[in-house]
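Working notes for the structure below.
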Amino acid sequence: MKKRVAVRGFELVAVLLTFLFIFYPANAKAQRPIKVGVIDCYTGPAAVFCYDALNGFKLALDEINKKGVLGTKIEFTTRDDKFKVDIGLSMAKELVMRENVDLLVGTISSSVALAVSDYAKGEKVPFIVWISKSEKITGEKGHRYVFSTGENTAMAGKAAGLALSKKPYIKYWIAGDDYEYGHAIADAVWRNLKALKPTVVKMGETWWKTGEPDLVPYFTSVIGAKPDAFIVCGGGATMTNSLKACKTTGIHEKIPVFMHTATDHAVLKPLGLEAPEGVMGTMDYHFYYPDTPANKAFVKAFQDAYGAPPGFPAFHGYTTAHFIAEAFRKAGAIDKEKFINALEGMVIDSPAGKIEMRTCDHQAVLPMYLGVTKKVPQYDFLISGDIVTLTGKDVMPSCEEIMKARGK
Amino acid sequence: MDFSAFSSQFLVGLSRAMILFVVCAGLSFVLGVLRVPNIAHGSLYMIGAFATFTLTKLIAGSTGFWIALIVAPLLVALVSLIAERALFCHLYQREHLMLLLFTFAISLILGDLVKIVWGAEYRSVAAPALLKGTISILGVSLPRYNLFLIIIGPLVAIALWLFTNKTRIGKISRAAAVDREMVGTLGINVSWVFAIAFIIGCYLAGLGGALIAPTVSITLGMDHTLIIEAFLIVTIGGLGNMWGALVGSLIFGVTQSLGVLFWPQFAIVFPYAAVVIVLLLRPKGLLKSVW
């Protein structure tokens with residue numbers, strides 16, 4: 001009699017366990033979080049921008065994860081590429097093969113971006129670039145698996161060309177950081193300017209070692225050459241150095257100076273009220289412009305969370321998170337190919353208005369704000385003044401141009 | 001070639017050479033007296049610059065900079081005194097490779113300490129009101145601060161010369177550089193001579209950092225760029241020779257600046273090309289070496 005009861009009890013437990021094993025895996029699939037692998041430079045001068053992007057990303061994720069995506073949350077893990085291509089690439093491999101991330105995000109260095117993009121293409125893992133600005137990323141080296149939520153050198157070049165072609169300057173001197181991005185932005189600006197105003201002449205070029213701290217001798221030599229205008233091309237940190245050298249040598253008072261990102265907050269902030277006034281610049285995000293309720297809300301939330309206003313990297317990080325969430329929601333599953341299909345052509349709301357992820361090249365359609373550095377009483381740093389807005393449509397290369405560049 | 005462009009470039013190069021001289025004089029002094037190739041010298045220069053930044057933030061206005069110019073090198077000297085008494089003085093008997101590796105380790109530690117204390121962001125120090133803007137000398141435009149540097153350099157050189165030739169400690173240091181055993185035999189505490197020489201050398205590194213602060217963005221990594229240049233200058237000038245440091249700095253600073261004018265794409269090559277030429281012609285350095 002006892003034996004039979006024991007056997008029945010055991011059978012009951014066995015049946016229960018079997019049911020659990022059948023149903024558990026199905027639950028696990030919906031509960032597994034979406035994993036994002038972030039590769040960026042968290043050491044050295046570039047770290048400031050990368051932390052800004054990460055903070056914008058985290059702020060958006062806090063909002064997104066409250067509602068959840070596909071019944072689960074978006075998680076991320078970061079890796080430091082130290083601005084080096086080999087390290088960035090090995091981090092990408094580790095994230096894809098060991099961490100099994102659903103997509104990769106990041107990079108400030110255009111060289112790292114291009115390397116990781118190539119790897120992502122081979123592994124068929126989506127990669128969203130959020131700071132790197134080389135136009136090759138979504139241009140000639142673009143493909144199905146790479147997206148960009150940041151502006152690029154083609155857009156900045158076209159904006160600069162449009163702006164400078166309206167000015168009376170003929171003889172230009174170009175200078176900058178001697179690396180991929182420095183040359184890319186110089187080529188883009190010159191190409192567009194020459195196309196719009198064929199009479200312009202390049203008097204000379206000066207290229208210094210990337211990150212060169214003392215630019216005074218280079219600037220004084222340009223003063224000696226007496227061009228009509230001076231274009232400086234370089235990464236964020238060099239821009240701060242260049243503005244400092246402008247102030248020291250007074251070049252901007254004698255010769256009009258144009259620098260892409262001169263009006264960026266991260267570039268102007270370290271110099272405080274010592275930054276030079278009257279330097280022309282372009283930027284795709286300002287925390288104080290446009291002064292819309294959406295932008296104000298974003299800036300306030302960012303300021304409360306991180307103690308400082310957001311820069312353009314934070315804006316891109318924020319929009320990237322929203323693009324990711326909306327694309328997964330539209331795709332309906334944590335599937336890489338469905339994610340890409342959903343992301344193409346997607347339009348999201350951002351602090352600066354609606355942003356579209358263009359289908360033909362996977363480039364976010366962003367505006368360019370052309371401005372001039374200016375002191376204002378309410379801040380102890382300079383801001384961009386006399387802002388002229390160029391829409392994404394004005395400054396982006398057409399889909400035909402992109403396809404031609406990709407050799408299709 | 002425009003005369004005013006050439007002279008303004010030359011003067012800018014001269015001012016840069018003066019900062020290099022202040023730093024290299026310190027390095028050369030330490031190298032001569034202690035026979036220690038102090039790779040941490042660059043880190044101390046960087047600490048001097050960052051300390052200047054903090055002091056100018058604490059004390060607003062132009063006086064902040066002048067006070068920083070006096071206090072920051074003293075802070076660096078204090079740091080070096082602690083390092084010397086706690087760590088270095090036990091190692092003087094070891095061979096040079098040990099000391100080199102040790103100072104290299106210290107430079108890495110100091111570099112990371114700077115990152116912990118001040119963070120990775122770029123910092124900027126404003127020139128004092130007196131030295132802002134440019135000044136025109138005989139039609140040549142030069143930033144005022146660079147003119148200040150051209151004046152300071154020779155003053156430091158004279159001060160250092162007076163110290164080593166006219167004060168008792170200075171003369172003992174020179175003697176210790178040539179023959180430390182004999183100095184010890186004469187009953188002089190060689191250990192304290194070394195400490196003083198080390199502190200003075202590091203003070204000069206800090207002073208160099210404080211002087212360069214208003215002209216460049218203060219960043220991590222400025223120690224690495226400087227120490228390579230400093231060692232090259234000290235080598236071509238003659239190890240342990242202060243006037244050699246001056247000559248080397250002039251060659252380096254001026255070729256760098258004029259290189260930018262004549263051949264901007266290859267400007268960075270000029271000073272190193274000059275170093276190679278000097279070492280090919282005079283491998284022991286231009287002036288007499290103490291070693």
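Following the order of the structure tokens, chains are lettered A, B, ..., residues in each are numbered from 1, and ligands are numbered from 1.
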Go through chain B residue by residue and, counting only C-alpha atoms, keep those with an atom at most 7 Å from chain A; for each kept residue give the shortest atom pair and its distance in Å to one decimal, ordered by chain and increasing number, as JSON lines.
{"residue": "B:Ala5", "atom": "CA", "partner": "A:Gly224", "partner_atom": "CA", "distance": 4.5}
{"residue": "B:Gln9", "atom": "CA", "partner": "A:Pro217", "partner_atom": "CA", "distance": 6.3}
{"residue": "B:Val12", "atom": "CA", "partner": "A:Pro217", "partner_atom": "CA", "distance": 6.2}
{"residue": "B:Ala120", "atom": "CA", "partner": "A:Gly44", "partner_atom": "CA", "distance": 5.7}
{"residue": "B:Glu121", "atom": "CA", "partner": "A:Pro45", "partner_atom": "CA", "distance": 5.8}
{"residue": "B:Tyr122", "atom": "CA", "partner": "A:Pro45", "partner_atom": "CA", "distance": 6.4}
{"residue": "B:Arg123", "atom": "CA", "partner": "A:Pro270", "partner_atom": "CA", "distance": 5.8}
{"residue": "B:Ser124", "atom": "CA", "partner": "A:Leu271", "partner_atom": "CA", "distance": 5.7}
{"residue": "B:Ala126", "atom": "CA", "partner": "A:Glu274", "partner_atom": "CA", "distance": 6.7}
{"residue": "B:Gly133", "atom": "CA", "partner": "A:Thr248", "partner_atom": "CA", "distance": 6.3}
{"residue": "B:Thr134", "atom": "CA", "partner": "A:Thr249", "partner_atom": "CA", "distance": 6.6}
{"residue": "B:Pro143", "atom": "CA", "partner": "A:Thr249", "partner_atom": "CA", "distance": 5.7}
{"residue": "B:Thr215", "atom": "CA", "partner": "A:Asp214", "partner_atom": "CA", "distance": 7.0}
{"residue": "B:Val216", "atom": "CA", "partner": "A:Asp214", "partner_atom": "CA", "distance": 5.3}
{"residue": "B:Ser217", "atom": "CA", "partner": "A:Asn241", "partner_atom": "CA", "distance": 5.7}
{"residue": "B:Leu220", "atom": "CA", "partner": "A:Gly44", "partner_atom": "CA", "distance": 6.7}
{"residue": "B:Ser257", "atom": "CA", "partner": "A:Pro217", "partner_atom": "CA", "distance": 5.6}
{"residue": "B:Val260", "atom": "CA", "partner": "A:Tyr218", "partner_atom": "CA", "distance": 6.0}
{"residue": "B:Leu261", "atom": "CA", "partner": "A:Ser221", "partner_atom": "CA", "distance": 5.5}
{"residue": "B:Pro264", "atom": "CA", "partner": "A:Thr206", "partner_atom": "CA", "distance": 5.0}
{"residue": "B:Gln265", "atom": "CA", "partner": "A:Trp207", "partner_atom": "CA", "distance": 5.4}
Residues from last step as file, N, CA and C atoms, as a PDB file, in the first residue's frame:
ATOM      1  N   ALA B   5      57.135  88.071 -41.149  1.00  0.00           N
ATOM      2  CA  ALA B   5      56.665  86.701 -40.896  1.00  0.00           C
ATOM      3  C   ALA B   5      57.801  85.861 -40.341  1.00  0.00           C
ATOM      4  N   GLN B   9      57.972  84.351 -36.528  1.00  0.00           N
ATOM      5  CA  GLN B   9      58.138  82.910 -36.359  1.00  0.00           C
ATOM      6  C   GLN B   9      59.371  82.618 -35.508  1.00  0.00           C
ATOM      7  N   VAL B  12      58.678  83.428 -31.880  1.00  0.00           N
ATOM      8  CA  VAL B  12      57.810  82.418 -31.267  1.00  0.00           C
ATOM      9  C   VAL B  12      58.634  81.174 -30.937  1.00  0.00           C
ATOM     10  N   ALA B 120      40.199  63.425 -17.094  1.00  0.00           N
ATOM     11  CA  ALA B 120      40.768  63.296 -18.444  1.00  0.00           C
ATOM     12  C   ALA B 120      40.498  64.518 -19.323  1.00  0.00           C
ATOM     13  N   GLU B 121      39.722  65.481 -18.832  1.00  0.00           N
ATOM     14  CA  GLU B 121      39.332  66.606 -19.687  1.00  0.00           C
ATOM     15  C   GLU B 121      40.489  67.549 -19.960  1.00  0.00           C
ATOM     16  N   TYR B 122      40.349  68.271 -21.071  1.00  0.00           N
ATOM     17  CA  TYR B 122      41.313  69.322 -21.365  1.00  0.00           C
ATOM     18  C   TYR B 122      41.086  70.483 -20.406  1.00  0.00           C
ATOM     19  N   ARG B 123      42.172  71.090 -19.939  1.00  0.00           N
ATOM     20  CA  ARG B 123      42.059  72.253 -19.052  1.00  0.00           C
ATOM     21  C   ARG B 123      42.708  73.444 -19.714  1.00  0.00           C
ATOM     22  N   SER B 124      42.258  74.592 -19.341  1.00  0.00           N
ATOM     23  CA  SER B 124      42.842  75.788 -19.936  1.00  0.00           C
ATOM     24  C   SER B 124      43.132  76.821 -18.860  1.00  0.00           C
ATOM     25  N   ALA B 126      44.177  80.899 -18.403  1.00  0.00           N
ATOM     26  CA  ALA B 126      44.243  82.165 -19.141  1.00  0.00           C
ATOM     27  C   ALA B 126      45.499  82.925 -18.764  1.00  0.00           C
ATOM     28  N   GLY B 133      47.056  89.406 -25.380  1.00  0.00           N
ATOM     29  CA  GLY B 133      47.107  90.130 -26.647  1.00  0.00           C
ATOM     30  C   GLY B 133      48.494  90.106 -27.257  1.00  0.00           C
ATOM     31  N   THR B 134      48.637  90.841 -28.343  1.00  0.00           N
ATOM     32  CA  THR B 134      49.915  90.850 -29.041  1.00  0.00           C
ATOM     33  C   THR B 134      50.566  92.225 -28.929  1.00  0.00           C
ATOM     34  N   PRO B 143      52.772  87.550 -29.643  1.00  0.00           N
ATOM     35  CA  PRO B 143      51.928  87.533 -28.452  1.00  0.00           C
ATOM     36  C   PRO B 143      52.738  87.990 -27.241  1.00  0.00           C
ATOM     37  N   THR B 215      49.705  78.846 -22.622  1.00  0.00           N
ATOM     38  CA  THR B 215      49.845  78.817 -24.079  1.00  0.00           C
ATOM     39  C   THR B 215      49.278  77.566 -24.724  1.00  0.00           C
ATOM     40  N   VAL B 216      49.120  76.495 -23.955  1.00  0.00           N
ATOM     41  CA  VAL B 216      48.630  75.244 -24.540  1.00  0.00           C
ATOM     42  C   VAL B 216      47.449  74.731 -23.738  1.00  0.00           C
ATOM     43  N   SER B 217      46.730  73.759 -24.298  1.00  0.00           N
ATOM     44  CA  SER B 217      45.707  73.071 -23.526  1.00  0.00           C
ATOM     45  C   SER B 217      46.424  72.093 -22.617  1.00  0.00           C
ATOM     46  N   LEU B 220      46.508  65.270 -20.334  1.00  0.00           N
ATOM     47  CA  LEU B 220      47.322  64.091 -20.018  1.00  0.00           C
ATOM     48  C   LEU B 220      48.122  63.789 -21.266  1.00  0.00           C
ATOM     49  N   SER B 257      59.977  75.934 -35.024  1.00  0.00           N
ATOM     50  CA  SER B 257      59.165  77.068 -35.431  1.00  0.00           C
ATOM     51  C   SER B 257      59.422  77.479 -36.883  1.00  0.00           C
ATOM     52  N   VAL B 260      57.923  75.088 -39.435  1.00  0.00           N
ATOM     53  CA  VAL B 260      56.507  75.324 -39.725  1.00  0.00           C
ATOM     54  C   VAL B 260      56.349  76.344 -40.843  1.00  0.00           C
ATOM     55  N   LEU B 261      57.249  77.320 -40.860  1.00  0.00           N
ATOM     56  CA  LEU B 261      57.151  78.387 -41.855  1.00  0.00           C
ATOM     57  C   LEU B 261      57.559  77.895 -43.237  1.00  0.00           C
ATOM     58  N   PRO B 264      55.508  73.249 -43.857  1.00  0.00           N
ATOM     59  CA  PRO B 264      54.551  72.892 -42.799  1.00  0.00           C
ATOM     60  C   PRO B 264      54.256  71.399 -42.691  1.00  0.00           C
ATOM     61  N   GLN B 265      54.214  70.712 -43.854  1.00  0.00           N
ATOM     62  CA  GLN B 265      53.855  69.288 -43.777  1.00  0.00           C
ATOM     63  C   GLN B 265      54.885  68.484 -43.016  1.00  0.00           C
TER      64      GLN B 265
END
Within range 247-312 of chain A, find each residue whose DSSP state, derived from the backbone, is alpha helix (DSSP H), and express the selection as a list in words. Lys247, Thr248, Thr249, Ile251, His252, Glu253, Lys254, His265, Ala266, Val267, Leu268, Pro293, Ala294, Asn295, Lys296, Ala297, Phe298, Val299, Lys300, Ala301, Phe302, Gln303, Asp304, Ala305, Tyr306 and Phe312 of chain A
Let's have the selection written as a PDB file, in the first residue's frame, with N, CA and C atoms.
ATOM      1  N   LYS A 247      43.123  82.888 -29.725  1.00  0.00           N
ATOM      2  CA  LYS A 247      43.086  83.953 -28.721  1.00  0.00           C
ATOM      3  C   LYS A 247      44.498  84.467 -28.448  1.00  0.00           C
ATOM      4  N   THR A 248      45.455  83.553 -28.356  1.00  0.00           N
ATOM      5  CA  THR A 248      46.829  83.969 -28.049  1.00  0.00           C
ATOM      6  C   THR A 248      47.437  84.805 -29.166  1.00  0.00           C
ATOM      7  N   THR A 249      47.215  84.367 -30.417  1.00  0.00           N
ATOM      8  CA  THR A 249      47.847  85.078 -31.535  1.00  0.00           C
ATOM      9  C   THR A 249      46.974  86.189 -32.078  1.00  0.00           C
ATOM     10  N   ILE A 251      44.684  85.827 -34.255  1.00  0.00           N
ATOM     11  CA  ILE A 251      44.520  85.640 -35.699  1.00  0.00           C
ATOM     12  C   ILE A 251      43.096  85.919 -36.145  1.00  0.00           C
ATOM     13  N   HIS A 252      42.102  85.570 -35.280  1.00  0.00           N
ATOM     14  CA  HIS A 252      40.711  85.708 -35.703  1.00  0.00           C
ATOM     15  C   HIS A 252      40.286  87.162 -35.836  1.00  0.00           C
ATOM     16  N   GLU A 253      41.070  88.072 -35.242  1.00  0.00           N
ATOM     17  CA  GLU A 253      40.754  89.481 -35.396  1.00  0.00           C
ATOM     18  C   GLU A 253      41.287  90.039 -36.704  1.00  0.00           C
ATOM     19  N   LYS A 254      42.324  89.365 -37.247  1.00  0.00           N
ATOM     20  CA  LYS A 254      42.887  89.853 -38.500  1.00  0.00           C
ATOM     21  C   LYS A 254      42.287  89.098 -39.684  1.00  0.00           C
ATOM     22  N   HIS A 265      29.649  72.971 -27.574  1.00  0.00           N
ATOM     23  CA  HIS A 265      29.800  73.317 -26.156  1.00  0.00           C
ATOM     24  C   HIS A 265      31.022  72.659 -25.528  1.00  0.00           C
ATOM     25  N   ALA A 266      31.275  71.392 -25.876  1.00  0.00           N
ATOM     26  CA  ALA A 266      32.406  70.677 -25.274  1.00  0.00           C
ATOM     27  C   ALA A 266      33.728  71.335 -25.654  1.00  0.00           C
ATOM     28  N   VAL A 267      33.750  71.973 -26.836  1.00  0.00           N
ATOM     29  CA  VAL A 267      34.965  72.637 -27.304  1.00  0.00           C
ATOM     30  C   VAL A 267      35.128  73.991 -26.604  1.00  0.00           C
ATOM     31  N   LEU A 268      34.027  74.709 -26.424  1.00  0.00           N
ATOM     32  CA  LEU A 268      34.102  76.061 -25.851  1.00  0.00           C
ATOM     33  C   LEU A 268      34.197  76.064 -24.341  1.00  0.00           C
ATOM     34  N   PRO A 293      10.264  73.238 -26.280  1.00  0.00           N
ATOM     35  CA  PRO A 293       9.976  72.531 -25.022  1.00  0.00           C
ATOM     36  C   PRO A 293      10.660  71.150 -24.967  1.00  0.00           C
ATOM     37  N   ALA A 294      10.697  70.467 -26.121  1.00  0.00           N
ATOM     38  CA  ALA A 294      11.316  69.135 -26.140  1.00  0.00           C
ATOM     39  C   ALA A 294      12.797  69.223 -25.795  1.00  0.00           C
ATOM     40  N   ASN A 295      13.485  70.202 -26.381  1.00  0.00           N
ATOM     41  CA  ASN A 295      14.908  70.362 -26.120  1.00  0.00           C
ATOM     42  C   ASN A 295      15.136  70.754 -24.665  1.00  0.00           C
ATOM     43  N   LYS A 296      14.317  71.681 -24.189  1.00  0.00           N
ATOM     44  CA  LYS A 296      14.456  72.146 -22.793  1.00  0.00           C
ATOM     45  C   LYS A 296      14.300  70.983 -21.835  1.00  0.00           C
ATOM     46  N   ALA A 297      13.293  70.119 -22.115  1.00  0.00           N
ATOM     47  CA  ALA A 297      13.032  68.983 -21.213  1.00  0.00           C
ATOM     48  C   ALA A 297      14.230  68.041 -21.193  1.00  0.00           C
ATOM     49  N   PHE A 298      14.760  67.766 -22.390  1.00  0.00           N
ATOM     50  CA  PHE A 298      15.920  66.884 -22.498  1.00  0.00           C
ATOM     51  C   PHE A 298      17.112  67.451 -21.735  1.00  0.00           C
ATOM     52  N   VAL A 299      17.348  68.764 -21.947  1.00  0.00           N
ATOM     53  CA  VAL A 299      18.499  69.402 -21.298  1.00  0.00           C
ATOM     54  C   VAL A 299      18.347  69.360 -19.784  1.00  0.00           C
ATOM     55  N   LYS A 300      17.106  69.623 -19.313  1.00  0.00           N
ATOM     56  CA  LYS A 300      16.891  69.633 -17.857  1.00  0.00           C
ATOM     57  C   LYS A 300      17.116  68.236 -17.282  1.00  0.00           C
ATOM     58  N   ALA A 301      16.553  67.218 -17.954  1.00  0.00           N
ATOM     59  CA  ALA A 301      16.711  65.844 -17.458  1.00  0.00           C
ATOM     60  C   ALA A 301      18.192  65.476 -17.424  1.00  0.00           C
ATOM     61  N   PHE A 302      18.918  65.858 -18.487  1.00  0.00           N
ATOM     62  CA  PHE A 302      20.353  65.533 -18.562  1.00  0.00           C
ATOM     63  C   PHE A 302      21.116  66.259 -17.472  1.00  0.00           C
ATOM     64  N   GLN A 303      20.801  67.537 -17.306  1.00  0.00           N
ATOM     65  CA  GLN A 303      21.491  68.355 -16.307  1.00  0.00           C
ATOM     66  C   GLN A 303      21.244  67.796 -14.904  1.00  0.00           C
ATOM     67  N   ASP A 304      19.984  67.388 -14.623  1.00  0.00           N
ATOM     68  CA  ASP A 304      19.682  66.842 -13.305  1.00  0.00           C
ATOM     69  C   ASP A 304      20.427  65.545 -13.063  1.00  0.00           C
ATOM     70  N   ALA A 305      20.530  64.727 -14.127  1.00  0.00           N
ATOM     71  CA  ALA A 305      21.169  63.416 -13.951  1.00  0.00           C
ATOM     72  C   ALA A 305      22.689  63.521 -13.908  1.00  0.00           C
ATOM     73  N   TYR A 306      23.275  64.404 -14.708  1.00  0.00           N
ATOM     74  CA  TYR A 306      24.731  64.390 -14.852  1.00  0.00           C
ATOM     75  C   TYR A 306      25.417  65.693 -14.486  1.00  0.00           C
ATOM     76  N   PHE A 312      26.748  67.466 -28.221  1.00  0.00           N
ATOM     77  CA  PHE A 312      26.196  66.727 -29.362  1.00  0.00           C
ATOM     78  C   PHE A 312      26.339  65.212 -29.201  1.00  0.00           C
TER      79      PHE A 312
END
Find the spatial neighbours of Ile196 in chain B, counting only C-alpha atoms, within a cut-off of 9 Å - ignore same-chain residues fewer than 5 positions away - and output them as a PDB file with N, CA and C atoms, in the first residue's frame.
ATOM      1  N   LEU B  81      60.506  66.139  -3.276  1.00  0.00           N
ATOM      2  CA  LEU B  81      61.246  65.917  -2.025  1.00  0.00           C
ATOM      3  C   LEU B  81      60.753  64.635  -1.358  1.00  0.00           C
ATOM      4  N   ILE B 169      76.415  75.734  -1.718  1.00  0.00           N
ATOM      5  CA  ILE B 169      75.734  74.487  -2.083  1.00  0.00           C
ATOM      6  C   ILE B 169      75.899  74.215  -3.567  1.00  0.00           C
ATOM      7  N   SER B 173      77.475  70.998  -5.312  1.00  0.00           N
ATOM      8  CA  SER B 173      76.742  70.187  -6.287  1.00  0.00           C
ATOM      9  C   SER B 173      77.598  69.934  -7.513  1.00  0.00           C
ATOM     10  N   SER B 191      74.328  62.731   0.559  1.00  0.00           N
ATOM     11  CA  SER B 191      72.904  62.432   0.411  1.00  0.00           C
ATOM     12  C   SER B 191      72.072  63.709   0.381  1.00  0.00           C
ATOM     13  N   GLY B 201      66.128  70.614  -9.513  1.00  0.00           N
ATOM     14  CA  GLY B 201      65.807  70.151 -10.867  1.00  0.00           C
ATOM     15  C   GLY B 201      64.310  70.009 -11.053  1.00  0.00           C
TER      16      GLY B 201
END
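Residue nearest Ile255 in chain A within the list A:Phe381, A:Phe10, A:Phe230, A:Tyr179: A:Phe230 [criterion: smallest interatomic distance, only C-alpha atoms].
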Find, counting only C-alpha atoms, the residue in B:Phe102, B:Phe65, B:Leu75, B:Asp2 that gets nearest to Gly206 in chain B. B:Leu75
I want to know what sits within 7 Å of range 107-123 of chain A, based on only C-alpha atoms, with residues of the same chain fewer than 2 positions away left out; could you give that as a compact mmCIF listing (two decimals) with N, CA and C atoms, in the first residue's frame?
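So the final result, stored in around.txt, reads:
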# COMPACT_ATOMS: atom_id res chain seq x y z
N ILE A 39 31.34 50.28 -27.93
CA ILE A 39 32.80 50.39 -28.06
C ILE A 39 33.13 51.86 -28.21
N ASP A 40 33.94 52.41 -27.32
CA ASP A 40 34.27 53.83 -27.40
C ASP A 40 35.59 54.09 -26.70
N CYS A 41 36.05 55.31 -26.74
CA CYS A 41 37.34 55.62 -26.14
C CYS A 41 37.12 56.27 -24.78
N CYS A 50 33.01 60.70 -25.33
CA CYS A 50 32.45 59.35 -25.24
C CYS A 50 31.58 59.19 -24.00
N PHE A 83 41.08 54.60 -28.55
CA PHE A 83 41.30 55.27 -29.83
C PHE A 83 42.18 54.46 -30.76
N LYS A 84 42.33 53.16 -30.50
CA LYS A 84 43.20 52.35 -31.35
C LYS A 84 42.36 51.34 -32.13
N VAL A 85 42.70 51.18 -33.42
CA VAL A 85 41.93 50.30 -34.29
C VAL A 85 42.03 48.84 -33.85
N GLY A 88 39.96 48.30 -30.73
CA GLY A 88 38.53 48.40 -31.04
C GLY A 88 38.02 47.14 -31.72
N LEU A 89 38.80 46.65 -32.66
CA LEU A 89 38.40 45.46 -33.40
C LEU A 89 38.34 44.24 -32.49
N ALA A 92 35.28 44.41 -30.44
CA ALA A 92 34.09 44.08 -31.23
C ALA A 92 33.95 42.57 -31.34
N VAL A 125 26.16 41.68 -38.00
CA VAL A 125 25.67 42.28 -36.75
C VAL A 125 25.48 43.77 -37.00
N PRO A 126 24.30 44.33 -36.64
CA PRO A 126 24.11 45.76 -36.88
C PRO A 126 25.07 46.59 -36.03
N PHE A 127 25.58 47.69 -36.61
CA PHE A 127 26.51 48.57 -35.91
C PHE A 127 26.04 50.00 -36.13
N VAL A 129 26.87 53.89 -35.55
CA VAL A 129 27.97 54.81 -35.22
C VAL A 129 27.35 56.08 -34.68
N TRP A 130 27.87 56.56 -33.53
CA TRP A 130 27.21 57.74 -32.97
C TRP A 130 28.06 59.00 -32.81
N ILE A 131 29.39 58.90 -32.94
CA ILE A 131 30.18 60.13 -32.89
C ILE A 131 31.08 60.28 -34.13
N SER A 132 31.71 59.21 -34.56
CA SER A 132 32.65 59.29 -35.69
C SER A 132 32.03 60.01 -36.86
N LYS A 133 32.83 60.87 -37.51
CA LYS A 133 32.25 61.74 -38.52
C LYS A 133 32.69 61.48 -39.95
N SER A 134 33.49 60.48 -40.19
CA SER A 134 33.94 60.28 -41.56
C SER A 134 32.78 59.93 -42.46
N ILE A 137 31.81 56.26 -43.67
CA ILE A 137 31.09 55.26 -42.86
C ILE A 137 29.76 54.90 -43.49
N TYR A 145 24.72 46.67 -42.78
CA TYR A 145 24.82 46.47 -41.33
C TYR A 145 25.33 47.68 -40.57
N VAL A 146 25.61 48.78 -41.24
CA VAL A 146 26.10 49.95 -40.51
C VAL A 146 25.12 51.12 -40.64
N TYR A 181 40.27 61.97 -40.13
CA TYR A 181 39.18 62.92 -39.98
C TYR A 181 39.60 64.33 -40.40
